[in-house]
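Next comes model-v5.txt, with compact mmCIF, C-alpha atoms and all ligand atoms.
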# COMPACT_ATOMS: atom_id res chain seq x y z
CA MET A 1 10.16 6.07 -31.45
CA SER A 2 13.23 7.35 -29.65
CA LYS A 3 13.70 6.20 -26.07
CA SER A 4 15.09 8.26 -23.23
CA ALA A 5 16.00 5.60 -20.67
CA PRO A 6 19.61 4.50 -21.14
CA PRO A 7 20.17 0.76 -21.74
CA PRO A 8 21.75 -1.12 -18.83
CA GLY A 9 25.52 -1.17 -18.88
CA THR A 10 26.22 2.30 -20.21
CA GLY A 11 26.87 5.07 -17.74
CA ASP A 12 26.97 7.91 -20.24
CA ILE A 13 24.26 10.47 -20.77
CA THR A 14 24.85 11.63 -24.34
CA PRO A 15 24.02 15.06 -25.82
CA GLN A 16 20.99 13.39 -27.46
CA GLU A 17 19.78 12.11 -24.09
CA ALA A 18 20.67 15.16 -21.97
CA PRO A 19 17.57 17.24 -22.84
CA VAL A 20 15.18 14.78 -21.14
CA TRP A 21 17.41 14.66 -18.03
CA ASN A 22 17.34 18.46 -17.97
CA LEU A 23 13.57 18.35 -18.30
CA LEU A 24 13.29 16.19 -15.16
CA GLU A 25 15.67 18.43 -13.25
CA GLU A 26 13.98 21.65 -14.34
CA SER A 27 10.58 20.28 -13.36
CA ALA A 28 11.89 19.22 -9.92
CA ARG A 29 13.45 22.66 -9.32
CA ARG A 30 10.25 24.43 -10.37
CA ILE A 31 7.85 22.22 -8.38
CA TYR A 32 9.99 22.03 -5.22
CA HIS A 33 10.34 25.81 -5.23
CA LEU A 34 6.53 26.00 -4.87
CA TYR A 35 6.84 24.06 -1.62
CA GLY A 36 9.69 26.20 -0.27
CA TYR A 37 12.54 23.74 -0.87
CA GLY A 38 16.10 24.86 -1.66
CA GLU A 39 18.78 22.80 -3.40
CA LEU A 40 21.55 21.23 -1.32
CA ARG A 41 24.59 19.77 -3.10
CA THR A 42 26.57 17.39 -0.92
CA PRO A 43 29.82 15.63 -1.90
CA ILE A 44 29.75 12.39 -3.90
CA PHE A 45 31.66 10.63 -1.12
CA GLU A 46 31.58 10.85 2.66
CA TYR A 47 33.34 9.20 5.57
CA THR A 48 32.09 5.61 5.62
CA GLU A 49 30.71 5.98 9.15
CA VAL A 50 28.17 8.58 7.94
CA PHE A 51 26.39 5.78 6.05
CA GLN A 52 27.19 3.02 8.55
CA ARG A 53 25.71 4.97 11.44
CA GLY A 54 23.08 6.77 9.36
CA LEU A 55 21.60 3.82 7.48
CA GLY A 56 22.38 1.17 10.12
CA ASP A 57 24.96 -1.63 9.96
CA GLU A 58 22.28 -4.23 9.35
CA THR A 59 20.85 -2.77 6.12
CA GLU A 60 21.56 -4.61 2.85
CA VAL A 61 22.98 -1.40 1.38
CA VAL A 62 25.60 -1.05 4.13
CA LYS A 63 26.37 -4.74 4.38
CA LYS A 64 26.60 -5.63 0.71
CA GLU A 65 26.34 -2.71 -1.67
CA MET A 66 28.62 0.17 -0.70
CA TYR A 67 31.65 1.24 -2.71
CA THR A 68 34.10 1.77 0.13
CA PHE A 69 37.79 2.59 -0.20
CA GLU A 70 40.68 3.94 1.79
CA ASP A 71 42.25 7.24 0.80
CA ARG A 72 45.97 7.97 1.00
CA GLY A 73 45.61 9.06 4.62
CA GLY A 74 44.08 5.70 5.55
CA ARG A 75 40.59 7.18 6.02
CA SER A 76 37.65 5.02 5.00
CA LEU A 77 35.46 6.76 2.43
CA THR A 78 32.30 5.60 0.62
CA LEU A 79 30.62 6.69 -2.60
CA ARG A 80 27.17 7.80 -1.46
CA PRO A 81 24.62 4.98 -1.90
CA GLU A 82 21.73 7.40 -1.17
CA GLY A 83 21.24 11.05 -0.33
CA THR A 84 19.60 11.22 3.10
CA ALA A 85 22.64 10.48 5.30
CA GLY A 86 24.80 13.12 3.57
CA VAL A 87 22.04 15.72 3.89
CA MET A 88 21.77 14.95 7.61
CA ARG A 89 25.54 15.20 8.00
CA SER A 90 25.33 18.62 6.36
CA LEU A 91 22.42 19.81 8.53
CA ALA A 92 23.81 18.34 11.76
CA GLY A 93 25.57 21.60 12.55
CA THR A 94 22.40 23.68 12.15
CA ASP A 95 19.30 24.35 14.26
CA ALA A 96 17.64 21.36 12.53
CA VAL A 97 18.82 19.36 15.56
CA ASN A 98 16.72 21.68 17.76
CA GLY A 99 13.50 21.23 15.84
CA MET A 100 13.88 24.06 13.31
CA GLU A 101 12.44 23.09 9.93
CA HIS A 102 14.76 22.82 6.92
CA ARG A 103 13.47 22.00 3.44
CA VAL A 104 16.09 20.77 0.96
CA PHE A 105 16.21 18.79 -2.27
CA TYR A 106 19.08 17.17 -4.14
CA ILE A 107 19.74 15.77 -7.59
CA GLY A 108 22.67 13.58 -8.50
CA PRO A 109 24.40 10.24 -8.88
CA MET A 110 24.31 7.50 -6.23
CA PHE A 111 26.30 4.25 -6.18
CA ARG A 112 25.31 0.76 -5.12
CA GLY A 113 27.15 -2.45 -5.98
CA GLU A 114 24.04 -4.34 -7.04
CA ARG A 115 23.73 -6.79 -9.90
CA PRO A 116 22.72 -4.58 -12.84
CA SER A 117 19.44 -5.30 -14.62
CA ALA A 118 16.74 -3.25 -16.30
CA GLY A 119 16.11 -0.39 -13.88
CA ARG A 120 18.89 -1.41 -11.51
CA ARG A 121 22.31 0.14 -11.98
CA ARG A 122 25.52 0.55 -10.05
CA GLN A 123 25.59 4.27 -10.76
CA PHE A 124 22.10 5.69 -10.86
CA HIS A 125 20.59 9.11 -10.25
CA GLN A 126 18.13 10.27 -7.66
CA ILE A 127 15.98 13.33 -7.23
CA GLY A 128 15.22 13.52 -3.53
CA VAL A 129 13.82 15.83 -0.88
CA GLU A 130 14.20 16.01 2.89
CA ASN A 131 12.03 17.97 5.30
CA VAL A 132 14.21 18.00 8.39
CA GLY A 133 13.74 19.12 11.99
CA ARG A 134 10.00 18.89 12.64
CA VAL A 135 7.66 15.99 13.28
CA ALA A 136 4.07 16.29 12.05
CA PRO A 137 1.83 13.91 10.07
CA GLU A 138 0.80 16.88 7.88
CA LEU A 139 4.41 17.15 6.69
CA ASP A 140 4.53 13.46 5.76
CA ALA A 141 1.36 13.88 3.68
CA GLU A 142 2.66 17.08 2.07
CA CYS A 143 5.82 15.24 1.08
CA ILE A 144 3.82 12.52 -0.70
CA SER A 145 1.65 15.14 -2.38
CA MET A 146 4.74 16.96 -3.62
CA LEU A 147 6.05 13.71 -5.13
CA VAL A 148 2.74 13.10 -6.90
CA HIS A 149 2.76 16.71 -8.17
CA PHE A 150 6.29 16.27 -9.56
CA LEU A 151 5.44 12.95 -11.27
CA ASN A 152 2.34 14.42 -12.89
CA ASP A 153 4.36 17.43 -14.04
CA ILE A 154 6.78 15.16 -15.94
CA GLY A 155 3.85 13.32 -17.54
CA ILE A 156 3.78 10.23 -15.31
CA THR A 157 0.37 8.86 -14.35
CA GLY A 158 -0.89 5.37 -13.53
CA PHE A 159 1.32 4.77 -10.47
CA THR A 160 0.22 3.35 -7.13
CA VAL A 161 1.06 5.06 -3.84
CA LYS A 162 1.71 2.34 -1.25
CA LEU A 163 1.61 3.48 2.33
CA ASN A 164 2.34 1.94 5.72
CA THR A 165 3.47 2.80 9.23
CA ARG A 166 6.60 1.36 10.82
CA GLY A 167 5.69 2.70 14.25
CA VAL A 168 8.27 4.26 16.54
CA LYS A 169 11.04 2.35 18.29
CA ALA A 170 8.92 1.87 21.45
CA ASP A 171 6.21 0.18 19.34
CA ARG A 172 8.51 -2.43 17.90
CA PRO A 173 9.00 -5.03 20.69
CA ALA A 174 5.28 -5.93 20.89
CA ALA A 175 4.95 -6.10 17.11
CA GLU A 176 8.17 -8.09 16.75
CA ALA A 177 7.01 -10.57 19.37
CA ALA A 178 3.77 -11.12 17.44
CA LEU A 179 5.68 -11.61 14.17
CA ARG A 180 8.14 -13.96 15.86
CA GLU A 181 5.37 -16.07 17.31
CA PHE A 182 3.69 -16.29 13.90
CA PHE A 183 6.78 -17.08 11.78
CA LYS A 184 8.53 -19.51 14.14
CA PRO A 185 6.49 -22.62 13.26
CA HIS A 186 6.81 -21.81 9.50
CA LEU A 187 10.57 -21.23 9.39
CA ALA A 188 11.44 -24.64 7.93
CA GLU A 189 9.31 -23.89 4.81
CA MET A 190 10.95 -20.49 4.28
CA CYS A 191 14.05 -19.45 2.31
CA PRO A 192 17.50 -19.34 4.00
CA ASP A 193 17.50 -15.52 3.80
CA CYS A 194 14.26 -15.35 5.76
CA GLN A 195 15.61 -17.82 8.30
CA GLU A 196 18.52 -15.43 8.83
CA ARG A 197 16.18 -12.39 8.89
CA PHE A 198 14.18 -14.13 11.61
CA GLU A 199 17.26 -13.89 13.82
CA ARG A 200 18.59 -10.48 12.75
CA ASN A 201 15.75 -8.28 11.47
CA ILE A 202 12.38 -9.97 11.37
CA TRP A 203 10.70 -7.03 9.55
CA ARG A 204 12.67 -7.76 6.41
CA ILE A 205 10.84 -11.10 6.08
CA LEU A 206 7.75 -9.09 5.14
CA ASP A 207 9.26 -7.89 1.86
CA CYS A 208 10.75 -11.25 0.75
CA LYS A 209 9.85 -11.89 -2.89
CA GLN A 210 10.18 -15.73 -2.85
CA GLU A 211 6.90 -17.45 -3.56
CA LYS A 212 7.12 -20.03 -0.76
CA CYS A 213 7.76 -17.19 1.72
CA ARG A 214 4.99 -15.04 0.24
CA ASN A 215 2.50 -17.85 0.95
CA VAL A 216 3.44 -17.76 4.63
CA ILE A 217 3.64 -13.94 4.84
CA ALA A 218 0.07 -13.70 3.50
CA GLY A 219 -1.21 -15.02 6.86
CA ALA A 220 1.06 -12.88 9.08
CA PRO A 221 -0.48 -10.49 11.62
CA ASN A 222 -0.49 -6.77 10.78
CA ALA A 223 2.33 -5.31 12.87
CA ALA A 224 0.54 -1.95 13.02
CA ASP A 225 -2.21 -3.53 15.15
CA TYR A 226 0.37 -3.81 17.96
CA PHE A 227 1.46 -0.15 17.84
CA SER A 228 0.45 2.44 20.48
CA ASP A 229 -2.72 4.52 20.15
CA GLU A 230 -0.55 7.58 19.60
CA THR A 231 1.22 5.95 16.66
CA LYS A 232 -2.10 4.81 15.20
CA ALA A 233 -3.50 8.35 15.53
CA TYR A 234 -0.42 9.76 13.76
CA PHE A 235 -0.92 7.40 10.81
CA LYS A 236 -4.64 8.15 10.70
CA GLN A 237 -3.85 11.84 10.43
CA VAL A 238 -1.43 11.18 7.51
CA CYS A 239 -4.25 9.32 5.73
CA SER A 240 -6.80 12.09 6.45
CA CYS A 241 -4.46 14.72 5.00
CA LEU A 242 -3.91 12.63 1.86
CA ASP A 243 -7.70 12.25 1.54
CA ALA A 244 -8.10 16.01 1.91
CA MET A 245 -5.50 16.55 -0.84
CA GLY A 246 -7.27 14.08 -3.14
CA ILE A 247 -4.33 11.67 -3.24
CA GLU A 248 -5.21 8.03 -3.71
CA TYR A 249 -3.16 5.43 -1.85
CA GLU A 250 -3.18 1.79 -0.82
CA ILE A 251 -2.26 0.76 2.69
CA ASP A 252 0.21 -2.10 2.41
CA PRO A 253 0.98 -3.73 5.79
CA GLU A 254 3.94 -5.56 4.21
CA LEU A 255 5.73 -2.39 3.12
CA VAL A 256 8.77 -2.06 5.41
CA ARG A 257 11.40 -0.42 3.12
CA GLY A 258 15.03 -1.49 3.08
CA LEU A 259 16.68 1.18 5.24
CA ASP A 260 16.65 0.93 9.04
CA TYR A 261 16.17 4.61 9.84
CA TYR A 262 12.41 4.71 9.13
CA VAL A 263 9.79 5.42 11.81
CA HIS A 264 6.06 6.16 11.40
CA THR A 265 5.12 6.73 7.75
CA VAL A 266 6.75 4.79 4.90
CA PHE A 267 5.70 4.92 1.26
CA GLU A 268 6.68 3.62 -2.15
CA LEU A 269 5.37 4.49 -5.59
CA THR A 270 5.18 1.64 -8.07
CA HIS A 271 4.40 1.65 -11.78
CA PRO A 272 3.45 -1.28 -14.05
CA GLY A 273 5.63 0.22 -16.82
CA LEU A 274 8.76 -0.82 -14.90
CA GLY A 275 8.34 -4.60 -14.86
CA GLY A 276 10.48 -6.29 -12.20
CA GLN A 277 11.95 -3.23 -10.48
CA SER A 278 8.65 -1.61 -9.83
CA ALA A 279 9.54 1.20 -7.38
CA ILE A 280 9.96 4.57 -9.04
CA ALA A 281 10.31 6.33 -5.71
CA GLY A 282 10.31 5.58 -2.03
CA GLY A 283 10.67 7.31 1.28
CA GLY A 284 9.22 7.98 4.68
CA ARG A 285 9.81 9.53 8.06
CA TYR A 286 13.10 8.76 9.76
CA GLU A 287 15.26 9.22 12.82
CA LEU A 288 18.85 9.19 11.82
CA THR A 289 21.86 8.89 14.10
CA LEU A 290 25.21 10.32 13.05
CA PRO A 291 28.72 10.04 14.45
CA GLY A 292 29.45 12.83 16.94
CA ILE A 293 25.81 13.82 17.52
CA ASN A 294 24.08 12.42 20.56
CA LYS A 295 20.50 12.91 19.48
CA PRO A 296 18.93 11.58 16.27
CA ILE A 297 17.90 14.01 13.53
CA GLU A 298 14.28 13.66 12.47
CA GLY A 299 12.78 14.27 9.08
CA VAL A 300 10.63 13.00 6.25
CA GLY A 301 11.63 12.65 2.62
CA TYR A 302 11.87 10.50 -0.44
CA ALA A 303 13.99 9.82 -3.50
CA ALA A 304 12.92 8.96 -7.05
CA GLY A 305 15.23 7.04 -9.39
CA MET A 306 15.74 9.15 -12.51
CA GLU A 307 16.53 6.19 -14.79
CA ARG A 308 13.26 4.60 -13.65
CA LEU A 309 11.30 7.81 -14.25
CA LEU A 310 12.63 7.80 -17.81
CA MET A 311 11.71 4.13 -18.28
CA VAL A 312 8.15 4.87 -17.16
CA ARG A 313 7.90 7.88 -19.50
CA ASP A 314 9.06 5.62 -22.35
CA SER A 315 6.50 2.95 -21.41
CA LEU A 316 3.79 5.63 -21.54
CA GLY A 317 4.90 6.61 -25.05
CA ILE A 318 6.04 10.12 -24.04
CA VAL A 319 8.47 11.34 -26.69
CA PRO A 320 11.65 12.78 -25.14
CA PRO A 321 12.66 16.29 -26.20
CA ALA A 322 15.38 16.38 -28.89
CA PRO A 323 18.50 18.53 -28.60
CA GLU A 324 17.78 22.01 -29.91
CA PRO A 325 19.06 22.39 -33.50
CA PRO A 326 20.85 25.56 -34.71
CA LYS A 327 18.60 28.38 -35.89
CA LEU A 328 20.93 29.26 -38.74
CA PHE A 329 23.57 27.57 -40.88
CA LEU A 330 26.04 29.90 -42.57
CA ALA A 331 27.55 28.50 -45.80
CA SER A 332 30.58 30.18 -47.38
CA MET A 333 31.72 30.32 -51.00
CA GLY A 334 35.37 31.33 -51.02
CA GLU A 335 37.93 32.41 -48.45
CA LYS A 336 36.68 35.97 -48.00
CA ALA A 337 33.13 34.74 -47.32
CA LEU A 338 34.44 32.20 -44.82
CA ALA A 339 36.34 34.89 -42.90
CA PHE A 340 33.22 37.10 -42.93
CA ASN A 341 30.99 34.24 -41.75
CA ILE A 342 33.29 33.34 -38.89
CA GLY A 343 33.04 36.93 -37.59
CA LEU A 344 29.26 37.05 -38.14
CA THR A 345 28.79 33.72 -36.35
CA ALA A 346 30.57 34.99 -33.23
CA LYS A 347 28.43 38.14 -33.15
CA LEU A 348 25.15 36.26 -33.72
CA ARG A 349 25.95 33.79 -30.94
CA ARG A 350 26.62 36.70 -28.58
CA ALA A 351 23.21 38.04 -29.61
CA GLY A 352 21.71 34.74 -28.42
CA ILE A 353 21.17 32.99 -31.77
CA PRO A 354 22.41 29.39 -32.06
CA VAL A 355 24.46 29.33 -35.29
CA ALA A 356 26.46 26.63 -37.06
CA VAL A 357 29.18 27.36 -39.62
CA GLU A 358 31.59 25.17 -41.57
CA VAL A 359 35.07 26.32 -40.58
CA GLU A 360 36.95 24.67 -43.46
CA ALA A 361 36.68 25.44 -47.17
CA LYS A 362 34.21 22.78 -48.35
CA SER A 363 31.97 22.48 -51.40
CA LEU A 364 28.57 24.15 -51.16
CA LYS A 365 26.91 20.74 -51.57
CA SER A 366 28.78 19.33 -48.60
CA GLN A 367 27.97 22.42 -46.50
CA MET A 368 24.26 22.13 -47.29
CA ARG A 369 24.36 18.44 -46.36
CA SER A 370 25.71 19.53 -42.95
CA ALA A 371 22.90 22.08 -42.63
CA ASP A 372 20.38 19.24 -43.21
CA ARG A 373 22.14 16.85 -40.85
CA LEU A 374 22.16 19.46 -38.08
CA LYS A 375 18.46 20.22 -38.77
CA ALA A 376 19.19 23.94 -39.00
CA ALA A 377 15.98 25.96 -39.30
CA TYR A 378 17.42 28.49 -41.78
CA SER A 379 20.50 28.82 -43.97
CA VAL A 380 22.30 31.70 -45.66
CA ILE A 381 24.85 31.27 -48.43
CA VAL A 382 27.52 34.00 -48.53
CA GLY A 383 29.76 34.49 -51.60
CA ASP A 384 31.49 37.44 -53.31
CA THR A 385 28.17 38.85 -54.67
CA GLU A 386 26.57 38.85 -51.20
CA LEU A 387 29.66 40.42 -49.64
CA GLU A 388 29.58 43.20 -52.23
CA SER A 389 25.84 43.96 -51.97
CA GLY A 390 25.56 43.28 -48.23
CA VAL A 391 22.37 41.33 -48.98
CA ALA A 392 21.77 37.56 -49.07
CA LYS A 393 18.92 35.03 -49.20
CA LEU A 394 17.59 33.65 -45.93
CA LYS A 395 16.26 30.18 -46.75
CA ARG A 396 13.73 28.38 -44.55
CA MET A 397 14.96 24.79 -44.70
CA ALA A 398 11.58 23.15 -44.03
CA ASP A 399 9.95 24.42 -47.25
CA GLY A 400 12.74 26.12 -49.20
CA ASN A 401 11.03 29.50 -48.89
CA GLN A 402 13.51 32.39 -49.39
CA GLU A 403 13.54 36.07 -48.48
CA GLU A 404 16.15 38.77 -48.89
CA ILE A 405 18.03 39.76 -45.78
CA ALA A 406 20.71 42.36 -44.99
CA LEU A 407 23.92 40.64 -43.84
CA THR A 408 24.00 42.42 -40.50
CA VAL A 409 23.71 41.02 -36.98
CA GLU A 410 20.68 43.25 -36.29
CA ALA A 411 18.70 42.16 -39.37
CA LEU A 412 19.48 38.46 -38.93
CA ALA A 413 18.79 38.51 -35.19
CA GLU A 414 15.45 40.25 -35.83
CA ALA A 415 14.41 37.77 -38.54
CA LEU A 416 15.45 34.70 -36.52
CA LYS A 417 14.08 35.60 -33.08
P1 LIG B 1 15.56 3.82 -1.91
O1 LIG B 1 14.22 3.17 -1.92
O2 LIG B 1 16.72 2.98 -1.56
O3 LIG B 1 15.44 5.05 -0.90
O4 LIG B 1 15.82 4.50 -3.31
C1 LIG B 1 14.89 5.43 -3.85
C2 LIG B 1 14.70 5.17 -5.33
O5 LIG B 1 15.97 5.18 -5.99
C3 LIG B 1 14.10 3.81 -5.68
O6 LIG B 1 12.70 3.82 -5.57
C4 LIG B 1 14.56 3.65 -7.12
O7 LIG B 1 13.70 4.38 -7.98
C5 LIG B 1 15.92 4.30 -7.11
N1 LIG B 1 17.00 3.29 -7.02
C6 LIG B 1 17.48 2.71 -5.91
N2 LIG B 1 18.48 1.85 -6.22
C7 LIG B 1 18.63 1.89 -7.55
C8 LIG B 1 19.51 1.24 -8.51
N3 LIG B 1 20.45 0.40 -8.12
N4 LIG B 1 19.36 1.56 -9.82
C9 LIG B 1 18.42 2.44 -10.22
N5 LIG B 1 17.58 3.07 -9.39
C10 LIG B 1 17.68 2.81 -8.07
C11 LIG B 1 16.46 5.91 -0.61
O8 LIG B 1 17.48 6.00 -1.23
C12 LIG B 1 16.14 6.85 0.53
N6 LIG B 1 17.32 7.69 0.78
C13 LIG B 1 14.93 7.69 0.18
C14 LIG B 1 14.56 8.63 1.29
C15 LIG B 1 14.82 9.96 1.35
N7 LIG B 1 13.94 8.30 2.41
C16 LIG B 1 13.81 9.37 3.16
N8 LIG B 1 14.37 10.39 2.52
As structure tokens - that is how I would like this structure written.
Ligand code: HAM
Amino acid sequence: MSKSAPPPGTGDITPQEAPVWNLLEESARRIYHLYGYGELRTPIFEYTEVFQRGLGDETEVVKKEMYTFEDRGGRSLTLRPEGTAGVMRSLAGTDAVNGMEHRVFYIGPMFRGERPSAGRRRQFHQIGVENVGRVAPELDAECISMLVHFLNDIGITGFTVKLNTRGVKADRPAAEAALREFFKPHLAEMCPDCQERFERNIWRILDCKQEKCRNVIAGAPNAADYFSDETKAYFKQVCSCLDAMGIEYEIDPELVRGLDYYVHTVFELTHPGLGGQSAIAGGGRYELTLPGINKPIEGVGYAAGMERLLMVRDSLGIVPPAPEPPKLFLASMGEKALAFNIGLTAKLRRAGIPVAVEVEAKSLKSQMRSADRLKAAYSVIVGDTELESGVAKLKRMADGNQEEIALTVEALAEALK
């Protein structure tokens, strides 16, 4: 069976692979349109401070994974490691900062200097959405429902929606104090990374994958218990909306997500078909601060990794679409026929028929081999006799069935449509 997910190490998307990428993109455009989202295309690179301020200096992505370089003018630029910060930079000059709702989606390459493995690449592609400007639990739930709708549309089922709340900034000190009190006596048994996280960002301990740390984390208090009643009510409303929409989810108190801008709802979708890198998509509500803007921009959104979506489709046995073969192969016997066929090909293509023709004088056998290789649906052989009579045989390649056809654009276009 052909596979659609590219192997690690190659960055190319070949003409054979492109149709399945187009399928994902077309589905996203169609589904997101139903929810009132418009496409926003931001540049591949931004001033470095957009990501530093937007994602937070302490995030792994900013500290270890960004492709940052200086341009000729000495400005520091960075290849975008994710889409949210660039979208916010773009919307910062709009009424989104005054609470007006903006609904945008984006599709394109992102760059992170991570160690490549199956499902983890240095250049990868995301399909993401951002609902910016308004704060409402209903919008968080709608966002998750839109993601589920999109995944189902591209044939993906069997994923788990993991959900949690990160609280708002005012909720954090009480929760952090409880976590600190719990982890302190266990620090000696934990990995060096967690010992550092204890000092710098205690929340990140919760998503450590090391077994010895996992054993400790299993007994940790649920941070959400320390959040305000208002925050708890917000999260409850997100859950009620998801229930109303018939979306199944699991509340995972250890889900914190890697980027520092999240507040309230966070979510991640995992799939067993991915193995180690199990997140096909992730997102949540955020408050993002940008250089030159004194108040944070608020929104909710997510991004799905396209390579991972393709891996999951492969694991489910979904056959990727093949490139569309030509409808017609025109074979020529002799110079006059070749000249005629070249003209006919141009006219048929303008009439919307995909046509292949051999442009050099080659034997009929070799031309018919090309017709087979290209998987052309029909072929027509043109020689002196056909030129004289204006009539040829239209051969259906699948079964060899032949019918007479006038050698005109109109007749061929009619027969092939
Ligand atoms: P993220 O969790 O960092 O979130 O990335 C989202 C998805 O991108 C992941 O679930 C994964 O499928 C894919 N992905 C991330 N890194 C790689 C990689 N190195 N190779 C292949 N796939 C990868 C964000 O990027 C946030 N901006 C999402 C968001 C939007 N939150 C709010 N709005």
What gap, in Å, lies between CA of Val135 in chain A and CA of Glu268 in chain A?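 Between these atoms lies a distance of 19.8 Å.
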I'd like the contact shell of Val148 in chain A - 10 Å cut-off, all atoms listed in the file, skipping same-chain residues fewer than 6 positions apart - returned as an MDAnalysis selection string. chainID A and resid 142 156:157 159 161 247:248 269
Residues at most 7 Å from ligand LIG 1 (chain B), using all atoms listed in the file? Could they come as a PyMOL selection string? chain A and resi 82-84+112+114+119-126+128-130+257-258+268+279-286+300-308
For CA of Pro109 in chain A and CA of Trp203 in chain A, the interatomic separation in Å (one decimal):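 These two atoms are separated by 28.7 Å.
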Give the answer as one residue: which of A:Ala331, A:Ala28, A:Leu259, A:Ala413 has the shortest atom-to-atom distance to Gln52 in chain A, using only C-alpha atoms?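 Comparing A:Ala331, A:Ala28, A:Leu259, A:Ala413 against Gln52 in chain A, the winner is A:Leu259.
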May I have the residues within 8 Å of Val97 in chain A as an MDAnalysis selection string, using all atoms listed in the file and disregarding those fewer than 3 positions away in the same chain? chainID A and resid 91:94 100 133 295:298
Any chance you can output those residues with C-alpha atoms as a PDB file, in the frame of the given file?
ATOM      1  CA  LEU A  91      22.420  19.810   8.530  1.00  0.00           C
ATOM      2  CA  ALA A  92      23.810  18.340  11.760  1.00  0.00           C
ATOM      3  CA  GLY A  93      25.570  21.600  12.550  1.00  0.00           C
ATOM      4  CA  THR A  94      22.400  23.680  12.150  1.00  0.00           C
ATOM      5  CA  MET A 100      13.880  24.060  13.310  1.00  0.00           C
ATOM      6  CA  GLY A 133      13.740  19.120  11.990  1.00  0.00           C
ATOM      7  CA  LYS A 295      20.500  12.910  19.480  1.00  0.00           C
ATOM      8  CA  PRO A 296      18.930  11.580  16.270  1.00  0.00           C
ATOM      9  CA  ILE A 297      17.900  14.010  13.530  1.00  0.00           C
ATOM     10  CA  GLU A 298      14.280  13.660  12.470  1.00  0.00           C
TER      11      GLU A 298
END
Between CA of Glu287 in chain A and CA of Gly299 in chain A, measure the distance and give it in Å to one decimal. 6.8 Å
Do you have, as CSV, the list of residues of range 92-181 of chain A lying at most 10 Å from range 217-225 of chain A, each with its nearest atom pair and that distance in Å to one decimal, counting all atoms listed in the file and ordered by chain then number?
residue,atom,partner,partner_atom,distance
A:Asn164,CA,A:Ala224,CA,8.5
A:Thr165,CA,A:Ala224,CA,6.7
A:Arg166,CA,A:Ala224,CA,7.2
A:Gly167,CA,A:Ala224,CA,7.0
A:Asp171,CA,A:Ala224,CA,8.8
A:Arg172,CA,A:Ala223,CA,8.5
A:Ala174,CA,A:Ala223,CA,8.6
A:Ala175,CA,A:Ala223,CA,5.0
A:Glu176,CA,A:Ala223,CA,7.5
A:Ala177,CA,A:Ala223,CA,9.6
A:Ala178,CA,A:Pro221,CA,7.2
A:Leu179,CA,A:Pro221,CA,6.8
A:Arg180,CA,A:Ala220,CA,9.9
A:Glu181,CA,A:Ala220,CA,9.8
Glu403 in chain A: which residues within 10 Å, counting only C-alpha atoms, same-chain residues fewer than 6 positions away excluded, as a PyMOL selection string? chain A and resi 392-396
Neighbours of Ser76 in chain A within 8 Å (all atoms listed in the file; same-chain residues fewer than 5 positions away dropped), as a PyMOL selection string? chain A and resi 47-48+68-71
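If you measure from each of A:Phe198, A:Phe182, A:Phe105, A:Phe235 to Leu139 in chain A using all atoms listed in the file, the closest one turns out to be A:Phe235.
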